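Chemist: Provided herewith is a single structure, encoded as structure tokens, for subsequent inquiry.
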Protein chains: 2
Amino acid sequence: MADTALELRSLIKKSGELELTLRKVPVPEPGPDQVLVRIEATPINPSDLGLLLGPADMGTAKISGSGEGAVVTARVPAASLASLAGRLDQAMTVGNEGSGVVVKAGSSAEAQELKGKTVSMVGGSMYAQYRLINAKDCQPLPAGTTPTEAASWFVNPLTALGMTETMKREGHKALVHTAAASNLGQMLNKICLKDGIGLVNVVRSPEQAKLLRGIGARFVCDSTAPTFMDDLTQALVETGATIAFDAIGGGKLASQILTCMEAAINKSAAGFSRYGSSVHKQVYLYGNLNLGPTELARNYGTAWGVGGWLLTPFLQKIGRAGQTPLRQRVVNELKTTFASHYTKVISLPEVLQLSNIAVYTRRATGEKFLINPHKSS
Amino acid sequence: MADTALELRSLIKKSGELELTLRKVPVPEPGPDQVLVRIEATPINPSDLGLLLGPADMGTAKISGSGEGAVVTARVPAASLASLAGRLDQAMTVGNEGSGVVVKAGSSAEAQELKGKTVSMVGGSMYAQYRLINAKDCQPLPAGTTPTEAASWFVNPLTALGMTETMKREGHKALVHTAAASNLGQMLNKICLKDGIGLVNVVRSPEQAKLLRGIGARFVCDSTAPTFMDDLTQALVETGATIAFDAIGGGKLASQILTCMEAAINKSAAGFSRYGSSVHKQVYLYGNLNLGPTELARNYGTAWGVGGWLLTPFLQKIGRAGQTPLRQRVVNELKTTFASHYTKVISLPEVLQLSNIAVYTRRATGEKFLINPHKSS
């Protein structure tokens with residue numbers, strides 16, 4: 001094993017410049033309770049892009065150098081710098097989750113136990129060739145599971161399970177999901193079909209609608225159809241969904257969902273309330289496929305909320321005891337419910353190529369890149 | 001006493017027409033536990049306009065007839081009719097709160113006790129000359145309190161107290177209020193000064209800023225000033241406010257408040273979080289001074305929420321036991337903390353005059369009409 005290995009870094013300078021580079025860093029030695037994992041698969045999730053690129057305008061991206069020595073730069077709008085104070089001028093490591101093989105282990109029994117095993121990990125710094133990690137934070141995998149199968153074991157599966165858990169904990173009986181043909185959306189369908197939960201899928205094309213119907217989705221509404229608002233209202237009447245998880249973020253969709261929820265509730269309401277229905281309607285925004293402002297028409301009374309939703313605070317709220325059955329379910333169903341599909345496997349230097357950046361920042365439904373940090377470019 | 005008396009009705013027809021009229025209705029006889037109140041003062045609050053006018057376009061308003069026989073009509077946009085299903089083709093009574101004198105009382109001791117007394121009421125149907133009400137729902141007033149002084153005893157005072165209560169119950173230590181020079185805003189300042197609560201007042205003109213400073217407000221930010229965002233951030237740093245109550249509703253103000261809250265939190269934050277601060281930032285929209293869409297820039301991480309806030313659900317949540325000390329405080333401080341000021345006293349027929357409608361629908365800060373249902377036009 002070499003003494004040094006590649007690691008991706010994202011730097012935003014006080015001057016308003018994003019700089020992406022690969023660094024050669026020393027390969028660390030595990031402490032007694034630690035292991036060293038050779039990372040073989042780590043996905044580029046939409047949730048990685050915030051740290052990787054920040055609010056940089058990638059239309060201004062330039063590359064200099066090549067291969068492992070490539071440097072990508074792009075402009076960060078001055079107005080965004082205030083909110084980035086905490087990371088300015090620090091070269092951040094990136095990559096939420098990944099999978100690989102334990103190649104060195106510390107002296108403790110727990111660490112030694114993992115030697116040679118394939119494990120999954122979460123916790124950042126995965127866009128690198130090696131990751132030092134506490135043995136207790138490794139997720140051992142069932143025999144026969146490959147790093148590629150296990151790379152996306154955490155963010156999407158736990159997010160999908162987090163949605164149905166949040167639905168239950170906040171007293172709703174069915175849910176709406178947007179950008180529903182995504183990897184995550186397909187997982188959510190499998191969960192809801194298996195668990196008997198009403199799910200209204202909102203998609204942005206007839207092709208996406210067809211894809212979801214093909215995997216058994218019952219309620220699919222195409223937001224590009226002229227009958228969208230009626231279709232959605234009808235699906236909400238049939239499911240009784242009063243909570244939504246929206247990956248789009250910007251534009252009018254969150255507001256349209258609230259409008260249709262209110263209409264669906266009023267269809268079965270006994271009397272008029274001057275302030276709209278008293279049933280609480282909630283939309284959580286968990287993604288930013290549309291970076292424009294969220295526009296709320298507010299034509300749905302006063303019993304509504306819109307807010308950010310993120311996996312990490314949700315997991316903190318339910319605690320490790322709440323998480324364990326969810327993690328175990330994911331690992332048990334990695335080849336079925338929680339299977340991920342990738343459109344391209346790239347090396348670390350390829351993460352910096354502008355042609356790839358253009359694709360993985362497009363956040364297109366169904367488009368998903370996997371990094372193999374040991375792939376030769 | 002005459003057999004019949006005037007009562008205002010608001011009708012929205014399935015055809016999409018709003019119709020405001022005065023009806024002559026029989027004056028009812030109190031049952032054993034009821035009293036009949038001769039209403040002498042009832043305010044036109046922004047919260048009354050929703051039921052009075054619905055989403056009608058008052059630019060299309062026409063009047064026919066005159067005096068008590070006047071009929072006002074206006075167009076209701078077809079797109080709004082679905083959300084009004086529960087009230088269509090029903091002539092609704094209007095008016096949330098009011099005050100008057102008990103002129104008839106039922107046989108029970110509780111009802112007889114109130115005979116001749118000045119009382120305050122809440123519960124609708126106040127835009128009328130008489131109101132039948134259960135004796136236990138009347139709020140007796142301290143000696144020397146007039147109906148004019150007591151007319152606005154509920155909506156604004158309980159809303160202002162509801163804001164500081166919500167702030168405490170949701171774990172915040174200071175709050176932001178917009179349209180802060182309003183009657184309600186001035187009350188809130190008096191409450192916060194008295195109770196030692198940090199309050200950031202957002203206003204829309206230098207005159208309003210001056211008015212608030214004149215009554216002792218410490219943090220006043222003028223949204224029309226070029227330094228608004230910096231001023232607001234600084235006030236948020238000094239107060240630690242992480243919850244806001246916004247009367248504007250539409251436009252960018254709610255989002256600007258969240259942006260400044262996040263900047264204020266990050267000014268004192270130790271490290272960078274890729275998802276923004278983990279401190280929950282909340283804006284409750286309780287008014288609609290700007291009827292346009294609410295535009296959320298979402299440049300404040302994921303720990304945020306925007307939602308409707310309304311007095312009635314809040315009161316239901318805290319229950320009668322939680323309300324009693326708040327109601328008692330209002331009654332005790334009606335001539336000081338909770339004093340209301342009116343720009344005009346009008347009769348019931350004058351409520352229907354287009355020139356008055358133009359003023360009371362303008363929702364201008366400081367402009368407030370009081371109805372005296374027994375005033376002769």
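By order in the structure tokens, chains are A, B, ...; within a chain, residues start at 1; ligands start at 1, following the order shown.
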May I have all residues of stretch 74-288 of chain B that DSSP, computed from the backbone, assigns to strand (DSSP E or B), given as JSON, numbers by chain?
Modeler: {"B": [74, 75, 91, 92, 93, 97, 98, 99, 100, 101, 102, 103, 104, 105, 118, 119, 120, 121, 122, 128, 130, 131, 132, 133, 134, 139, 140, 174, 175, 176, 177, 178, 198, 199, 200, 201, 202, 203, 219, 220, 221, 222, 243, 244, 245, 246, 249, 250, 251, 281, 282, 283, 284, 285]}
Chemist: Can you spit out the residues from that selection as a short mmCIF file (atom, residue, chain, number, x, y, z; two decimals), in the first residue's frame, using N, CA and C atoms?
Modeler:
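Listing of part_19.cif after writing:
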data_model
loop_
_atom_site.label_atom_id
_atom_site.label_comp_id
_atom_site.auth_asym_id
_atom_site.auth_seq_id
_atom_site.Cartn_x
_atom_site.Cartn_y
_atom_site.Cartn_z
N ALA B 74 -69.81 42.41 -5.80
CA ALA B 74 -68.45 42.40 -6.36
C ALA B 74 -68.18 41.01 -6.90
N ARG B 75 -67.23 40.91 -7.83
CA ARG B 75 -66.90 39.63 -8.45
C ARG B 75 -65.92 38.83 -7.59
N ALA B 91 -75.99 33.20 3.42
CA ALA B 91 -75.76 34.58 3.85
C ALA B 91 -75.18 34.54 5.26
N MET B 92 -73.86 34.77 5.35
CA MET B 92 -73.15 34.62 6.61
C MET B 92 -73.26 35.89 7.45
N THR B 93 -73.42 35.72 8.78
CA THR B 93 -73.28 36.86 9.68
C THR B 93 -71.78 37.08 9.91
N GLU B 97 -65.87 40.35 17.25
CA GLU B 97 -65.89 40.77 18.66
C GLU B 97 -66.66 42.08 18.79
N GLY B 98 -67.10 42.37 20.00
CA GLY B 98 -67.83 43.60 20.22
C GLY B 98 -68.17 43.78 21.68
N SER B 99 -68.80 44.92 21.94
CA SER B 99 -69.16 45.23 23.32
C SER B 99 -70.49 45.97 23.33
N GLY B 100 -71.23 45.80 24.40
CA GLY B 100 -72.51 46.48 24.51
C GLY B 100 -73.10 46.29 25.89
N VAL B 101 -74.41 46.57 25.98
CA VAL B 101 -75.08 46.53 27.27
C VAL B 101 -76.14 45.44 27.26
N VAL B 102 -76.21 44.69 28.34
CA VAL B 102 -77.21 43.62 28.47
C VAL B 102 -78.58 44.27 28.69
N VAL B 103 -79.49 44.08 27.71
CA VAL B 103 -80.80 44.72 27.81
C VAL B 103 -81.91 43.75 28.20
N LYS B 104 -81.68 42.48 28.02
CA LYS B 104 -82.65 41.46 28.47
C LYS B 104 -81.86 40.28 28.99
N ALA B 105 -82.40 39.61 30.02
CA ALA B 105 -81.67 38.49 30.58
C ALA B 105 -82.62 37.34 30.86
N THR B 118 -72.38 46.40 31.21
CA THR B 118 -71.61 46.48 29.97
C THR B 118 -70.72 45.25 29.90
N VAL B 119 -70.77 44.55 28.77
CA VAL B 119 -69.99 43.30 28.63
C VAL B 119 -69.25 43.32 27.29
N SER B 120 -68.22 42.51 27.22
CA SER B 120 -67.55 42.25 25.95
C SER B 120 -67.87 40.83 25.50
N MET B 121 -67.77 40.64 24.18
CA MET B 121 -68.12 39.33 23.61
C MET B 121 -67.17 38.98 22.47
N VAL B 122 -67.12 37.69 22.18
CA VAL B 122 -66.40 37.20 21.01
C VAL B 122 -67.20 36.02 20.48
N ALA B 128 -74.26 43.67 14.03
CA ALA B 128 -75.71 43.58 14.19
C ALA B 128 -76.09 44.48 15.35
N TYR B 130 -78.23 43.65 17.77
CA TYR B 130 -78.36 42.85 18.99
C TYR B 130 -77.66 41.51 18.82
N ARG B 131 -77.23 40.96 19.93
CA ARG B 131 -76.58 39.64 19.90
C ARG B 131 -77.08 38.84 21.09
N LEU B 132 -77.65 37.68 20.80
CA LEU B 132 -78.04 36.74 21.85
C LEU B 132 -76.81 35.92 22.20
N ILE B 133 -76.56 35.74 23.49
CA ILE B 133 -75.33 35.03 23.88
C ILE B 133 -75.53 34.34 25.22
N ASN B 134 -74.84 33.24 25.43
CA ASN B 134 -74.89 32.59 26.74
C ASN B 134 -74.26 33.49 27.80
N GLN B 139 -68.05 38.57 28.91
CA GLN B 139 -66.95 39.02 29.76
C GLN B 139 -67.38 40.31 30.46
N PRO B 140 -67.69 40.23 31.76
CA PRO B 140 -68.06 41.47 32.47
C PRO B 140 -66.85 42.39 32.54
N ALA B 174 -36.84 35.56 22.21
CA ALA B 174 -37.19 36.91 21.77
C ALA B 174 -37.90 36.76 20.44
N LEU B 175 -38.58 37.83 19.99
CA LEU B 175 -39.37 37.68 18.76
C LEU B 175 -39.28 38.89 17.85
N VAL B 176 -39.67 38.66 16.59
CA VAL B 176 -39.75 39.70 15.57
C VAL B 176 -41.22 39.91 15.25
N HIS B 177 -41.61 41.16 15.01
CA HIS B 177 -42.98 41.43 14.58
C HIS B 177 -42.93 42.40 13.40
N THR B 178 -43.75 42.13 12.38
CA THR B 178 -43.78 43.03 11.21
C THR B 178 -45.08 43.82 11.20
N GLY B 198 -37.41 40.61 24.55
CA GLY B 198 -36.78 41.26 23.40
C GLY B 198 -37.69 41.23 22.19
N LEU B 199 -37.93 42.40 21.59
CA LEU B 199 -38.85 42.49 20.44
C LEU B 199 -38.19 43.32 19.34
N VAL B 200 -38.10 42.73 18.15
CA VAL B 200 -37.59 43.44 16.98
C VAL B 200 -38.79 43.87 16.15
N ASN B 201 -38.97 45.19 16.01
CA ASN B 201 -40.09 45.74 15.27
C ASN B 201 -39.67 46.04 13.84
N VAL B 202 -40.37 45.45 12.86
CA VAL B 202 -40.10 45.76 11.46
C VAL B 202 -41.24 46.64 10.94
N VAL B 203 -40.88 47.81 10.42
CA VAL B 203 -41.89 48.75 9.92
C VAL B 203 -41.56 49.12 8.47
N PHE B 219 -35.76 48.15 19.48
CA PHE B 219 -35.27 47.63 18.19
C PHE B 219 -36.32 47.88 17.11
N VAL B 220 -36.03 48.80 16.22
CA VAL B 220 -36.95 49.14 15.14
C VAL B 220 -36.17 49.12 13.83
N CYS B 221 -36.60 48.33 12.87
CA CYS B 221 -35.93 48.24 11.57
C CYS B 221 -36.90 48.63 10.47
N ASP B 222 -36.50 49.57 9.65
CA ASP B 222 -37.35 50.07 8.57
C ASP B 222 -37.01 49.31 7.29
N ILE B 243 -37.88 33.61 16.28
CA ILE B 243 -39.27 33.41 15.85
C ILE B 243 -39.83 34.77 15.44
N ALA B 244 -40.65 34.75 14.39
CA ALA B 244 -41.24 36.00 13.91
C ALA B 244 -42.72 35.80 13.65
N PHE B 245 -43.48 36.87 13.84
CA PHE B 245 -44.90 36.90 13.48
C PHE B 245 -45.07 37.97 12.43
N ASP B 246 -45.52 37.54 11.26
CA ASP B 246 -45.55 38.43 10.11
C ASP B 246 -46.97 38.69 9.65
N GLY B 249 -47.41 38.72 5.01
CA GLY B 249 -47.78 37.52 4.27
C GLY B 249 -47.09 37.38 2.94
N GLY B 250 -47.45 38.22 1.97
CA GLY B 250 -46.88 38.11 0.63
C GLY B 250 -45.53 38.80 0.51
N GLY B 251 -44.83 38.48 -0.58
CA GLY B 251 -43.55 39.13 -0.85
C GLY B 251 -42.39 38.43 -0.20
N LYS B 281 -35.44 28.12 13.00
CA LYS B 281 -35.91 29.48 12.76
C LYS B 281 -37.34 29.40 12.24
N GLN B 282 -38.24 30.15 12.86
CA GLN B 282 -39.66 30.03 12.52
C GLN B 282 -40.27 31.37 12.19
N VAL B 283 -41.01 31.44 11.10
CA VAL B 283 -41.84 32.61 10.81
C VAL B 283 -43.29 32.16 10.71
N TYR B 284 -44.15 32.76 11.53
CA TYR B 284 -45.58 32.51 11.42
C TYR B 284 -46.24 33.68 10.69
N LEU B 285 -46.99 33.35 9.65
CA LEU B 285 -47.74 34.36 8.92
C LEU B 285 -49.14 34.42 9.52
#
Chemist: Set the cut-off to 6 Å and count only C-alpha atoms: what are the residues of chain A that reach chain B? Output as a PyMOL selection string.
Modeler: chain A and resi 51+83+86-87+263+271-272+274+293-297+302-308
Chemist: Skip B:Arg329 itself and residues of its chain fewer than 5 positions away, then list as number ranges by chain all residues within 12 Å of it, counting only C-alpha atoms.
Modeler: B: 141-142, 153-154, 157-158, 161, 191, 323-324, 334-338
Chemist: How would the residues just picked look written out with C-alpha atoms as an mmCIF file, in the first residue's frame?
Modeler:
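The resulting file, again18.cif, is shown below:
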data_model
loop_
_atom_site.group_PDB
_atom_site.id
_atom_site.type_symbol
_atom_site.label_atom_id
_atom_site.label_comp_id
_atom_site.auth_asym_id
_atom_site.auth_seq_id
_atom_site.Cartn_x
_atom_site.Cartn_y
_atom_site.Cartn_z
ATOM 1 C CA LEU B 141 -66.003 44.663 32.514
ATOM 2 C CA PRO B 142 -64.588 46.726 35.372
ATOM 3 C CA TRP B 153 -60.861 43.389 23.849
ATOM 4 C CA PHE B 154 -60.237 40.014 22.268
ATOM 5 C CA PRO B 157 -54.980 41.698 22.782
ATOM 6 C CA LEU B 158 -55.179 37.894 22.748
ATOM 7 C CA LEU B 161 -50.393 37.763 24.121
ATOM 8 C CA ILE B 191 -46.450 43.833 26.598
ATOM 9 C CA GLN B 323 -56.778 31.411 28.446
ATOM 10 C CA THR B 324 -58.269 32.650 31.709
ATOM 11 C CA LEU B 334 -57.939 47.749 28.831
ATOM 12 C CA LYS B 335 -57.206 51.450 29.339
ATOM 13 C CA THR B 336 -53.420 51.056 29.215
ATOM 14 C CA THR B 337 -51.612 48.120 27.545
ATOM 15 C CA PHE B 338 -54.616 47.079 25.486
#
Chemist: Rounded to one decimal place, report the atom CA of B:Pro28-atom CA of B:Ser125 distance in Å.
Modeler: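 Between these atoms lies a distance of 13.5 Å.
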Chemist: At a cut-off of 10 Å, using only C-alpha atoms, what residues contact B:Leu348? Leave out same-chain residues fewer than 4 positions from it and give the result as a list in words.
Modeler: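 Residues meeting the cut-off are Leu6, Glu7, Leu8, Thr21, Leu22, Gly67, Glu68, Tyr127, Ala128, Gln129, Leu352, Gln353, Ile371, Asn372, Pro373, His374, Lys375, Ser376 and Ser377 of chain B.
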Chemist: Please produce a file of those selected residues containing N, CA and C atoms, as a tab-separated table (two decimals), in the first residue's frame.
Modeler:
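Final output, selection_21.tsv:
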chain	number	residue	atom	x	y	z
B	6	LEU	N	-81.32	45.44	12.71
B	6	LEU	CA	-80.44	45.25	11.55
B	6	LEU	C	-79.31	44.26	11.85
B	7	GLU	N	-78.94	43.55	10.80
B	7	GLU	CA	-77.84	42.58	10.90
B	7	GLU	C	-77.17	42.54	9.52
B	8	LEU	N	-75.86	42.58	9.50
B	8	LEU	CA	-75.15	42.55	8.22
B	8	LEU	C	-74.96	41.11	7.76
B	21	THR	N	-75.45	42.84	2.33
B	21	THR	CA	-76.73	43.49	2.59
B	21	THR	C	-76.94	43.66	4.09
B	22	LEU	N	-77.92	44.49	4.45
B	22	LEU	CA	-78.41	44.54	5.83
B	22	LEU	C	-79.78	43.88	5.84
B	67	GLY	N	-78.83	53.62	2.03
B	67	GLY	CA	-79.16	53.47	3.45
B	67	GLY	C	-79.24	52.00	3.83
B	68	GLU	N	-80.28	51.66	4.59
B	68	GLU	CA	-80.42	50.28	5.06
B	68	GLU	C	-80.75	49.32	3.91
B	127	TYR	N	-71.71	42.25	13.82
B	127	TYR	CA	-72.13	43.37	12.98
B	127	TYR	C	-73.64	43.36	12.90
B	128	ALA	N	-74.26	43.67	14.03
B	128	ALA	CA	-75.71	43.58	14.19
B	128	ALA	C	-76.09	44.48	15.35
B	129	GLN	N	-77.36	44.80	15.45
B	129	GLN	CA	-77.77	45.70	16.54
B	129	GLN	C	-77.91	44.95	17.86
B	352	LEU	N	-71.44	49.57	4.24
B	352	LEU	CA	-71.67	49.20	2.84
B	352	LEU	C	-71.28	50.30	1.85
B	353	GLN	N	-70.93	51.48	2.36
B	353	GLN	CA	-70.58	52.55	1.42
B	353	GLN	C	-69.21	52.29	0.80
B	371	ILE	N	-67.54	50.10	14.32
B	371	ILE	CA	-68.96	50.17	13.96
B	371	ILE	C	-69.78	50.41	15.23
B	372	ASN	N	-70.66	51.40	15.18
B	372	ASN	CA	-71.69	51.54	16.20
B	372	ASN	C	-73.02	51.20	15.53
B	373	PRO	N	-73.54	50.00	15.77
B	373	PRO	CA	-74.72	49.54	15.02
B	373	PRO	C	-75.98	50.37	15.29
B	374	HIS	N	-75.94	51.21	16.31
B	374	HIS	CA	-77.11	52.03	16.62
B	374	HIS	C	-76.93	53.47	16.20
B	375	LYS	N	-75.80	53.79	15.61
B	375	LYS	CA	-75.57	55.14	15.09
B	375	LYS	C	-76.52	55.34	13.91
B	376	SER	N	-77.14	56.52	13.83
B	376	SER	CA	-77.98	56.78	12.65
B	376	SER	C	-77.09	57.40	11.59
B	377	SER	N	-77.26	56.93	10.36
B	377	SER	CA	-76.37	57.37	9.28
B	377	SER	C	-76.70	58.81	8.89
Chemist: Excluding A:Leu212 and residues on its chain fewer than 4 positions from it, collect all residues at most 8 Å away from it, counting only C-alpha atoms, and give them as a tab-separated table (two decimals) with C-alpha atoms, in the first residue's frame.
Modeler:
chain	number	residue	atom	x	y	z
A	180	ALA	CA	-41.09	10.75	-7.45
A	181	ALA	CA	-39.40	8.84	-10.26
A	186	GLN	CA	-38.71	4.39	-6.40
A	208	GLN	CA	-41.74	9.17	-15.38
A	216	GLY	CA	-46.68	-0.78	-9.10
A	217	ALA	CA	-47.36	2.82	-8.04
A	220	VAL	CA	-49.18	9.06	-10.04
Chemist: Near B:Val76, within 10 Å and counting only C-alpha atoms, which residues show up once chain neighbours fewer than 6 positions away are dropped, as an MDAnalysis selection string?
Modeler: chainID B and resid 12:18 53:58 60
Chemist: For all heavy atoms, I'd like the residues from the last selection saved as a short mmCIF file (atom, residue, chain, number, x, y, z; two decimals), in the first residue's frame.
Modeler:
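Contents of again_14.cif, as written:
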data_model
loop_
_atom_site.label_atom_id
_atom_site.label_comp_id
_atom_site.auth_asym_id
_atom_site.auth_seq_id
_atom_site.Cartn_x
_atom_site.Cartn_y
_atom_site.Cartn_z
N ILE B 12 -71.80 34.78 -0.68
CA ILE B 12 -71.07 34.52 -1.93
C ILE B 12 -71.85 33.45 -2.69
O ILE B 12 -72.10 32.36 -2.17
CB ILE B 12 -69.61 34.08 -1.68
CG1 ILE B 12 -68.83 35.25 -1.06
CG2 ILE B 12 -68.95 33.65 -3.00
CD1 ILE B 12 -67.37 34.93 -0.76
N LYS B 13 -72.28 33.84 -3.89
CA LYS B 13 -73.12 32.95 -4.69
C LYS B 13 -72.27 32.00 -5.52
O LYS B 13 -71.15 32.33 -5.91
CB LYS B 13 -74.01 33.78 -5.62
CG LYS B 13 -74.95 34.72 -4.90
CD LYS B 13 -75.72 35.57 -5.90
CE LYS B 13 -76.61 36.58 -5.17
NZ LYS B 13 -77.25 37.52 -6.11
N LYS B 14 -72.83 30.85 -5.83
CA LYS B 14 -72.15 29.88 -6.70
C LYS B 14 -71.75 30.50 -8.03
O LYS B 14 -70.79 30.08 -8.66
CB LYS B 14 -73.07 28.68 -6.97
CG LYS B 14 -73.15 27.67 -5.83
CD LYS B 14 -73.43 26.25 -6.36
CE LYS B 14 -73.46 25.25 -5.22
NZ LYS B 14 -74.73 25.27 -4.46
N SER B 15 -72.50 31.53 -8.42
CA SER B 15 -72.22 32.21 -9.69
C SER B 15 -70.95 33.05 -9.62
O SER B 15 -70.48 33.55 -10.64
CB SER B 15 -73.40 33.10 -10.07
OG SER B 15 -73.59 34.07 -9.05
N GLY B 16 -70.41 33.23 -8.40
CA GLY B 16 -69.17 34.00 -8.27
C GLY B 16 -69.41 35.46 -7.96
O GLY B 16 -68.63 36.33 -8.33
N GLU B 17 -70.54 35.73 -7.27
CA GLU B 17 -70.83 37.12 -6.89
C GLU B 17 -70.91 37.24 -5.38
O GLU B 17 -71.59 36.46 -4.71
CB GLU B 17 -72.15 37.56 -7.52
CG GLU B 17 -72.42 39.04 -7.30
CD GLU B 17 -73.71 39.50 -7.98
OE1 GLU B 17 -74.78 38.95 -7.64
OE2 GLU B 17 -73.63 40.38 -8.84
N LEU B 18 -70.19 38.26 -4.86
CA LEU B 18 -70.33 38.62 -3.44
C LEU B 18 -71.49 39.60 -3.31
O LEU B 18 -71.61 40.52 -4.13
CB LEU B 18 -69.05 39.27 -2.94
CG LEU B 18 -69.14 39.99 -1.58
CD1 LEU B 18 -69.21 38.99 -0.43
CD2 LEU B 18 -67.97 40.95 -1.39
N LEU B 53 -65.69 39.82 3.05
CA LEU B 53 -65.50 40.05 1.61
C LEU B 53 -65.00 38.82 0.87
O LEU B 53 -65.04 38.78 -0.36
CB LEU B 53 -64.50 41.19 1.41
CG LEU B 53 -64.84 42.50 2.14
CD1 LEU B 53 -63.74 43.51 1.93
CD2 LEU B 53 -66.18 43.05 1.67
N GLY B 54 -64.51 37.83 1.60
CA GLY B 54 -63.94 36.66 0.93
C GLY B 54 -62.83 37.11 0.00
O GLY B 54 -62.20 38.14 0.23
N PRO B 55 -62.60 36.35 -1.07
CA PRO B 55 -61.56 36.73 -2.01
C PRO B 55 -62.09 37.64 -3.12
O PRO B 55 -61.51 37.70 -4.20
CB PRO B 55 -61.09 35.38 -2.56
CG PRO B 55 -62.29 34.50 -2.43
CD PRO B 55 -63.17 35.03 -1.34
N ALA B 56 -63.22 38.34 -2.86
CA ALA B 56 -63.82 39.19 -3.91
C ALA B 56 -62.85 40.27 -4.35
O ALA B 56 -62.06 40.78 -3.56
CB ALA B 56 -65.11 39.82 -3.38
N ASP B 57 -62.92 40.62 -5.62
CA ASP B 57 -62.13 41.72 -6.16
C ASP B 57 -62.91 43.00 -5.93
O ASP B 57 -63.84 43.33 -6.67
CB ASP B 57 -61.89 41.48 -7.64
CG ASP B 57 -61.20 42.66 -8.31
OD1 ASP B 57 -60.86 43.64 -7.59
OD2 ASP B 57 -61.00 42.61 -9.53
N MET B 58 -62.55 43.75 -4.87
CA MET B 58 -63.36 44.91 -4.49
C MET B 58 -63.18 46.07 -5.47
O MET B 58 -63.90 47.07 -5.40
CB MET B 58 -63.07 45.32 -3.04
CG MET B 58 -63.47 44.25 -2.01
SD MET B 58 -65.16 43.57 -2.24
CE MET B 58 -66.16 44.98 -1.68
N THR B 60 -64.09 45.71 -8.34
CA THR B 60 -65.30 45.55 -9.17
C THR B 60 -66.57 45.85 -8.38
O THR B 60 -67.68 45.64 -8.87
CB THR B 60 -65.42 44.10 -9.70
OG1 THR B 60 -65.67 43.22 -8.57
CG2 THR B 60 -64.13 43.64 -10.39
#
Chemist: Work out how far apart atom CA of A:Pro77 and atom CA of B:Phe228 are and give it in Å to one decimal.
Modeler: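 According to the coordinates, atom CA of A:Pro77 and atom CA of B:Phe228 are separated by 20.0 Å.
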Chemist: What does the distance between atom CA of A:Gln34 and atom CA of A:Ala5 come to in Å, to one decimal place?
Modeler: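 That distance, rounded to one decimal, is 18.3 Å.
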Chemist: Which residue is closest to A:Ala79? Choose from B:His172, B:Met229, B:Thr148, B:Arg327 and count only C-alpha atoms.
Modeler: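 Using only C-alpha atoms, the shortest distance to A:Ala79 belongs to B:Met229.
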